[in-house]
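Novice: Structure provided below as structure tokens; questions to follow.
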Amino acid sequence: MPEPREMPMLEIADLHAEIDGKPILDGLSLTVNAGEIHAIMGPNGAGKSTLAYVLGGRPGYEITRGSVTFNGQDLLDLEPHERAAAGVFLGFQYPVEIPGVSNVQFLREALNAQRKAKGEDPLSGGDFLKLAREKAGLLKLDMDMLKRAVNVGFSGGEKKRAEMVHMGILDPAFAVLDETDSGLDIDALRVVGEGINAIMRAPDKAVLLITHYQRLLDYVKPDKVHVLAKGRIVTSGGPELALQLESEGYETVLA
Amino acid sequence: MSDLALPTKRDEDWRYADFEALERLAPDDFGQWRDIAVPAGETCRECFVLDGSDADLRRVRVTVGEGGRCELFAVNAGGDYSRFEADVTLARGAHFEFGGVTIGGGETTREFVTRLNHAEPDATSAQVIRAVHWDRATGNFLGRIEVARDAQKTDAAQDFKALLLNKGAAANAKPELEIFADDVKCAHGAAIGQMDEAARFYMAARGLPPEVARKLLVRAFLADAFVALEDEAEQERMLETALSVLGEAV
């Protein structure tokens, strides 16, 4: 048994996943240590979103080979809500609208469900609102938005900022952010980038940032950058790799 | 007034009824109509809960006088078979509001049958019915709206939505409009669907166990039926009464 400090936070080994019999992930391996931010870039159809969904446990994906270990635990063995309680947060590329359920109600139930799973007492309504107000402020999202139904009538940018407010409130150990930067204007991109740093930049936390563009990485400095193509990591490097991809494109880098 | 003969399946208003259960209920509970008369200009509001503790067959006959208003709300979650019927006659400028929920699993059948008679001009009505069923249960809404020849400017709306939690559950919607006036608005809608899987996964990804997520979604779905109920505490009580049945769903 290795010392806890030496254990990677997330270890993906030889992961194969398919949907409707169509292979998407084809031997993906990746190790993320606590305190690190990793960026995953790659052309359309490379399997980036599939990786995010597989880590979150979305139904419909079949794991045919490989393993995912999170803090020593078999992540694939957990139900989606158990993964959340274990500390995994999935930021959606397309956040889902839930008419009739307010953000406040939803997030309080979610937070208290996570606390319950960890054997902690539920947060009172007052304490929860205080926390929600603080995180909304961090993301410059009007508190009134949180009183409205989840993502209903939100613009693309508001949805992504709301995702980060969710993350701030739930305070996960590990976040998989699937194209959180898409749909954001330049100011919102900075706010979201700073939000990610404020919430997730910590020695005991880690982030997997899935993105198409270098620009988010100007705000959230990755420790490592990986290129995902055809269902596996084909090359890895430091932040300079993202810059090279931006200027030369995937075709040159992958050639 | 009472109707003593039991109906048959050929009777349009009873076509989806559970006759076995009906015979068990009859004749004691059958054929008893309760009259509600709302005088001109006055408002009457009443909430009904069919939870199996009392007669599961409720029949009300409502007349609303000129400019009067009648608001009925019902949670239909009774025994094997439960049915709420309302016969409503509206005078000039009167309003009828109805919010109803059928909810249940097992082999239960729950139904709302409303017959609205817009007898005079300028009357309005709004009906919102939500049905949530699972196992092999059935939820029905039979809504007839009659608009008399001179009942111009009638504005009637009926909205039915059903959420079926699994294969095998069923819902029947039967809007029936008989309109003899030419300057009227009559809107009706019916939709039957299942749980939004994307929403369920999204909620799970935030840490909500499936049963908590389902309860939140069902609550949001049912809430429409009681939006018009002004008293928030009463609204809450009706919703909670309906949701308490959901615990039985697997």
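Just remember, in the structure tokens the first chain shown is A, the second B, etc., residues are 1-based per chain, and ligands are 1-based in the order shown.
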Skip Leu55 of chain A itself and residues of its chain fewer than 5 positions away, then list as an MDAnalysis selection string all residues within 12 Å of it, counting only C-alpha atoms.

Specialist: (chainID A and resid 10:12 15 17 25 48:50 61:63 67:70 74:84 87:91 174:178 208) or (chainID B and resid 205)

Novice: Take the residues from that selection and put them in a file with N, CA and C atoms, as an mmCIF file, in the first residue's frame.

Specialist:
data_model
loop_
_atom_site.group_PDB
_atom_site.id
_atom_site.type_symbol
_atom_site.label_atom_id
_atom_site.label_comp_id
_atom_site.auth_asym_id
_atom_site.auth_seq_id
_atom_site.Cartn_x
_atom_site.Cartn_y
_atom_site.Cartn_z
ATOM 1 N N LEU A 10 -6.115 10.948 -9.600
ATOM 2 C CA LEU A 10 -6.885 10.249 -10.633
ATOM 3 C C LEU A 10 -5.922 9.453 -11.510
ATOM 4 N N GLU A 11 -6.251 8.207 -11.700
ATOM 5 C CA GLU A 11 -5.432 7.393 -12.578
ATOM 6 C C GLU A 11 -6.315 6.647 -13.569
ATOM 7 N N ILE A 12 -6.188 7.026 -14.810
ATOM 8 C CA ILE A 12 -6.948 6.356 -15.869
ATOM 9 C C ILE A 12 -5.968 5.437 -16.587
ATOM 10 N N LEU A 15 -8.077 2.929 -20.831
ATOM 11 C CA LEU A 15 -9.541 2.997 -20.857
ATOM 12 C C LEU A 15 -10.097 2.858 -22.282
ATOM 13 N N ALA A 17 -13.849 2.746 -24.159
ATOM 14 C CA ALA A 17 -15.282 2.945 -23.944
ATOM 15 C C ALA A 17 -15.979 3.057 -25.283
ATOM 16 N N LEU A 25 -13.327 5.739 -26.900
ATOM 17 C CA LEU A 25 -12.039 5.797 -26.200
ATOM 18 C C LEU A 25 -11.295 4.493 -26.472
ATOM 19 N N LYS A 48 -13.222 13.753 -26.380
ATOM 20 C CA LYS A 48 -13.063 14.594 -25.188
ATOM 21 C C LYS A 48 -14.308 14.567 -24.302
ATOM 22 N N SER A 49 -15.466 14.803 -24.935
ATOM 23 C CA SER A 49 -16.689 14.822 -24.132
ATOM 24 C C SER A 49 -17.021 13.435 -23.599
ATOM 25 N N THR A 50 -16.715 12.412 -24.404
ATOM 26 C CA THR A 50 -16.939 11.039 -23.928
ATOM 27 C C THR A 50 -16.133 10.783 -22.667
ATOM 28 N N TYR A 61 -22.786 4.669 -21.866
ATOM 29 C CA TYR A 61 -21.408 4.399 -22.269
ATOM 30 C C TYR A 61 -20.977 3.049 -21.697
ATOM 31 N N GLU A 62 -20.394 2.234 -22.542
ATOM 32 C CA GLU A 62 -19.947 0.948 -22.043
ATOM 33 C C GLU A 62 -18.430 0.924 -21.958
ATOM 34 N N ILE A 63 -17.943 0.600 -20.769
ATOM 35 C CA ILE A 63 -16.498 0.497 -20.578
ATOM 36 C C ILE A 63 -16.121 -0.941 -20.946
ATOM 37 N N SER A 67 -9.333 0.909 -16.478
ATOM 38 C CA SER A 67 -9.803 1.269 -15.139
ATOM 39 C C SER A 67 -9.638 2.762 -14.884
ATOM 40 N N VAL A 68 -10.424 3.255 -13.943
ATOM 41 C CA VAL A 68 -10.289 4.624 -13.476
ATOM 42 C C VAL A 68 -10.265 4.575 -11.952
ATOM 43 N N THR A 69 -9.172 5.035 -11.387
ATOM 44 C CA THR A 69 -9.043 5.021 -9.932
ATOM 45 C C THR A 69 -8.996 6.456 -9.434
ATOM 46 N N PHE A 70 -9.877 6.745 -8.476
ATOM 47 C CA PHE A 70 -9.944 8.095 -7.917
ATOM 48 C C PHE A 70 -9.656 8.006 -6.425
ATOM 49 N N ASP A 74 -12.197 2.603 -6.950
ATOM 50 C CA ASP A 74 -12.599 2.292 -8.327
ATOM 51 C C ASP A 74 -13.772 3.207 -8.700
ATOM 52 N N LEU A 75 -13.477 4.225 -9.475
ATOM 53 C CA LEU A 75 -14.504 5.229 -9.791
ATOM 54 C C LEU A 75 -15.640 4.633 -10.613
ATOM 55 N N LEU A 76 -15.280 3.721 -11.508
ATOM 56 C CA LEU A 76 -16.285 3.175 -12.428
ATOM 57 C C LEU A 76 -17.314 2.312 -11.706
ATOM 58 N N ASP A 77 -16.981 1.935 -10.488
ATOM 59 C CA ASP A 77 -17.880 1.099 -9.692
ATOM 60 C C ASP A 77 -18.956 1.934 -8.991
ATOM 61 N N LEU A 78 -18.794 3.248 -9.024
ATOM 62 C CA LEU A 78 -19.731 4.120 -8.294
ATOM 63 C C LEU A 78 -20.837 4.649 -9.212
ATOM 64 N N GLU A 79 -22.014 4.845 -8.614
ATOM 65 C CA GLU A 79 -23.114 5.498 -9.321
ATOM 66 C C GLU A 79 -22.749 6.975 -9.504
ATOM 67 N N PRO A 80 -23.371 7.648 -10.490
ATOM 68 C CA PRO A 80 -23.030 9.060 -10.713
ATOM 69 C C PRO A 80 -23.114 9.919 -9.446
ATOM 70 N N HIS A 81 -24.179 9.761 -8.649
ATOM 71 C CA HIS A 81 -24.303 10.625 -7.466
ATOM 72 C C HIS A 81 -23.268 10.252 -6.400
ATOM 73 N N GLU A 82 -22.819 9.002 -6.410
ATOM 74 C CA GLU A 82 -21.779 8.596 -5.461
ATOM 75 C C GLU A 82 -20.429 9.190 -5.868
ATOM 76 N N ARG A 83 -20.230 9.320 -7.178
ATOM 77 C CA ARG A 83 -18.988 9.947 -7.653
ATOM 78 C C ARG A 83 -18.939 11.401 -7.207
ATOM 79 N N ALA A 84 -20.102 12.065 -7.298
ATOM 80 C CA ALA A 84 -20.158 13.467 -6.860
ATOM 81 C C ALA A 84 -19.839 13.558 -5.372
ATOM 82 N N GLY A 87 -16.366 13.445 -4.459
ATOM 83 C CA GLY A 87 -15.577 14.643 -4.717
ATOM 84 C C GLY A 87 -15.323 14.956 -6.184
ATOM 85 N N VAL A 88 -16.034 14.261 -7.080
ATOM 86 C CA VAL A 88 -15.852 14.522 -8.510
ATOM 87 C C VAL A 88 -16.955 15.455 -8.998
ATOM 88 N N PHE A 89 -16.560 16.514 -9.664
ATOM 89 C CA PHE A 89 -17.530 17.455 -10.232
ATOM 90 C C PHE A 89 -17.404 17.432 -11.743
ATOM 91 N N LEU A 90 -18.543 17.370 -12.425
ATOM 92 C CA LEU A 90 -18.535 17.412 -13.881
ATOM 93 C C LEU A 90 -19.179 18.714 -14.343
ATOM 94 N N GLY A 91 -18.384 19.562 -14.977
ATOM 95 C CA GLY A 91 -18.916 20.793 -15.561
ATOM 96 C C GLY A 91 -19.375 20.484 -16.971
ATOM 97 N N PHE A 174 -12.069 17.228 -7.205
ATOM 98 C CA PHE A 174 -11.614 17.059 -8.579
ATOM 99 C C PHE A 174 -12.713 17.513 -9.541
ATOM 100 N N ALA A 175 -12.332 18.346 -10.503
ATOM 101 C CA ALA A 175 -13.330 18.831 -11.456
ATOM 102 C C ALA A 175 -12.932 18.467 -12.874
ATOM 103 N N VAL A 176 -13.907 17.944 -13.605
ATOM 104 C CA VAL A 176 -13.739 17.728 -15.034
ATOM 105 C C VAL A 176 -14.581 18.798 -15.704
ATOM 106 N N LEU A 177 -13.952 19.726 -16.389
ATOM 107 C CA LEU A 177 -14.700 20.830 -16.986
ATOM 108 C C LEU A 177 -14.702 20.678 -18.496
ATOM 109 N N ASP A 178 -15.883 20.342 -19.010
ATOM 110 C CA ASP A 178 -16.010 20.055 -20.438
ATOM 111 C C ASP A 178 -16.371 21.325 -21.198
ATOM 112 N N LEU A 208 -9.325 18.730 -14.526
ATOM 113 C CA LEU A 208 -9.129 18.280 -15.896
ATOM 114 C C LEU A 208 -9.940 19.227 -16.765
ATOM 115 N N ALA B 205 -25.104 14.047 -11.299
ATOM 116 C CA ALA B 205 -23.725 14.537 -11.361
ATOM 117 C C ALA B 205 -23.463 15.617 -10.310
#

Novice: Counting only C-alpha atoms, a student should be able to say which residues of chain B come within 9 Å of chain A; what is the right answer, written as a count of residues only?

Specialist: 21

Novice: As a ChimeraX atom specification, please: the residues near Gly42 of chain A (cut-off 12 Å, only C-alpha atoms, same-chain neighbours under 6 positions excluded).

Specialist: /A:48-49,51,179,209-214,225-236,241-242,245-246,249-251,253-254

Novice: Residues of the last selection are to be written out with N, CA and C atoms, as a compact mmCIF listing (two decimals), in the first residue's frame.

Specialist:
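Here's the written file result16.txt:
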# COMPACT_ATOMS: atom_id res chain seq x y z
N LYS A 48 -13.22 13.75 -26.38
CA LYS A 48 -13.06 14.59 -25.19
C LYS A 48 -14.31 14.57 -24.30
N SER A 49 -15.47 14.80 -24.93
CA SER A 49 -16.69 14.82 -24.13
C SER A 49 -17.02 13.43 -23.60
N LEU A 51 -14.89 11.26 -22.66
CA LEU A 51 -14.06 11.09 -21.46
C LEU A 51 -14.73 11.75 -20.25
N GLU A 179 -15.40 21.88 -21.86
CA GLU A 179 -15.58 23.10 -22.66
C GLU A 179 -16.35 24.18 -21.91
N LEU A 209 -9.23 20.03 -17.53
CA LEU A 209 -9.86 21.11 -18.29
C LEU A 209 -9.93 20.68 -19.75
N ILE A 210 -11.14 20.45 -20.24
CA ILE A 210 -11.27 20.06 -21.63
C ILE A 210 -11.60 21.31 -22.44
N THR A 211 -10.79 21.60 -23.40
CA THR A 211 -11.02 22.85 -24.14
C THR A 211 -10.54 22.74 -25.59
N HIS A 212 -11.12 23.59 -26.41
CA HIS A 212 -10.71 23.67 -27.81
C HIS A 212 -9.65 24.75 -28.02
N TYR A 213 -9.64 25.69 -27.09
CA TYR A 213 -8.86 26.89 -27.35
C TYR A 213 -7.83 27.17 -26.26
N GLN A 214 -6.80 27.84 -26.65
CA GLN A 214 -5.73 28.23 -25.76
C GLN A 214 -6.17 29.34 -24.80
N VAL A 225 -0.45 19.70 -20.49
CA VAL A 225 -1.38 19.76 -21.61
C VAL A 225 -1.28 18.44 -22.37
N HIS A 226 -2.44 17.86 -22.66
CA HIS A 226 -2.47 16.60 -23.41
C HIS A 226 -3.28 16.80 -24.68
N VAL A 227 -2.87 16.08 -25.70
CA VAL A 227 -3.66 16.09 -26.92
C VAL A 227 -4.36 14.73 -27.04
N LEU A 228 -5.68 14.82 -27.14
CA LEU A 228 -6.49 13.61 -27.28
C LEU A 228 -6.91 13.51 -28.74
N ALA A 229 -6.59 12.37 -29.36
CA ALA A 229 -7.00 12.16 -30.74
C ALA A 229 -7.32 10.68 -30.93
N LYS A 230 -8.38 10.43 -31.62
CA LYS A 230 -8.83 9.06 -31.88
C LYS A 230 -8.90 8.22 -30.61
N GLY A 231 -9.37 8.83 -29.54
CA GLY A 231 -9.66 8.06 -28.32
C GLY A 231 -8.49 7.76 -27.41
N ARG A 232 -7.34 8.40 -27.67
CA ARG A 232 -6.23 8.21 -26.72
C ARG A 232 -5.35 9.45 -26.67
N ILE A 233 -4.56 9.54 -25.61
CA ILE A 233 -3.64 10.67 -25.49
C ILE A 233 -2.46 10.41 -26.44
N VAL A 234 -2.28 11.30 -27.39
CA VAL A 234 -1.22 11.06 -28.37
C VAL A 234 0.07 11.83 -28.06
N THR A 235 -0.08 12.94 -27.36
CA THR A 235 1.13 13.64 -26.96
C THR A 235 0.83 14.49 -25.73
N SER A 236 1.82 14.70 -24.90
CA SER A 236 1.64 15.51 -23.69
C SER A 236 2.81 16.47 -23.57
N LEU A 241 2.76 23.52 -25.21
CA LEU A 241 2.10 22.67 -26.20
C LEU A 241 0.79 23.29 -26.68
N ALA A 242 0.06 23.91 -25.75
CA ALA A 242 -1.20 24.56 -26.11
C ALA A 242 -0.94 25.72 -27.07
N LEU A 245 -0.20 24.32 -30.46
CA LEU A 245 -1.42 23.86 -31.12
C LEU A 245 -2.19 25.04 -31.69
N GLU A 246 -2.23 26.11 -30.91
CA GLU A 246 -2.97 27.29 -31.32
C GLU A 246 -2.39 27.87 -32.61
N GLY A 249 -1.99 24.28 -35.30
CA GLY A 249 -3.13 23.40 -35.56
C GLY A 249 -2.78 21.95 -35.23
N TYR A 250 -3.85 21.15 -35.10
CA TYR A 250 -3.65 19.76 -34.70
C TYR A 250 -2.92 18.96 -35.76
N GLU A 251 -3.22 19.24 -37.01
CA GLU A 251 -2.67 18.41 -38.08
C GLU A 251 -1.16 18.39 -38.07
N VAL A 253 0.83 19.26 -35.50
CA VAL A 253 1.37 18.73 -34.26
C VAL A 253 1.23 17.21 -34.23
N LEU A 254 0.15 16.71 -34.79
CA LEU A 254 -0.10 15.27 -34.74
C LEU A 254 0.61 14.52 -35.86

Novice: One decimal, Å: what's the distance from atom CA of Phe112 of chain B over to atom CA of Thr241 of chain B, could you say?

Specialist: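 Going from atom CA of Phe112 of chain B over to atom CA of Thr241 of chain B covers 17.3 Å.
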
Novice: For Lys224 of chain A, please output as number ranges by chain all residues within 10 Å (counting only C-alpha atoms; exclusion window: fewer than 3 positions along the same chain).

Specialist: A: 32, 36-40, 208, 221, 236-242
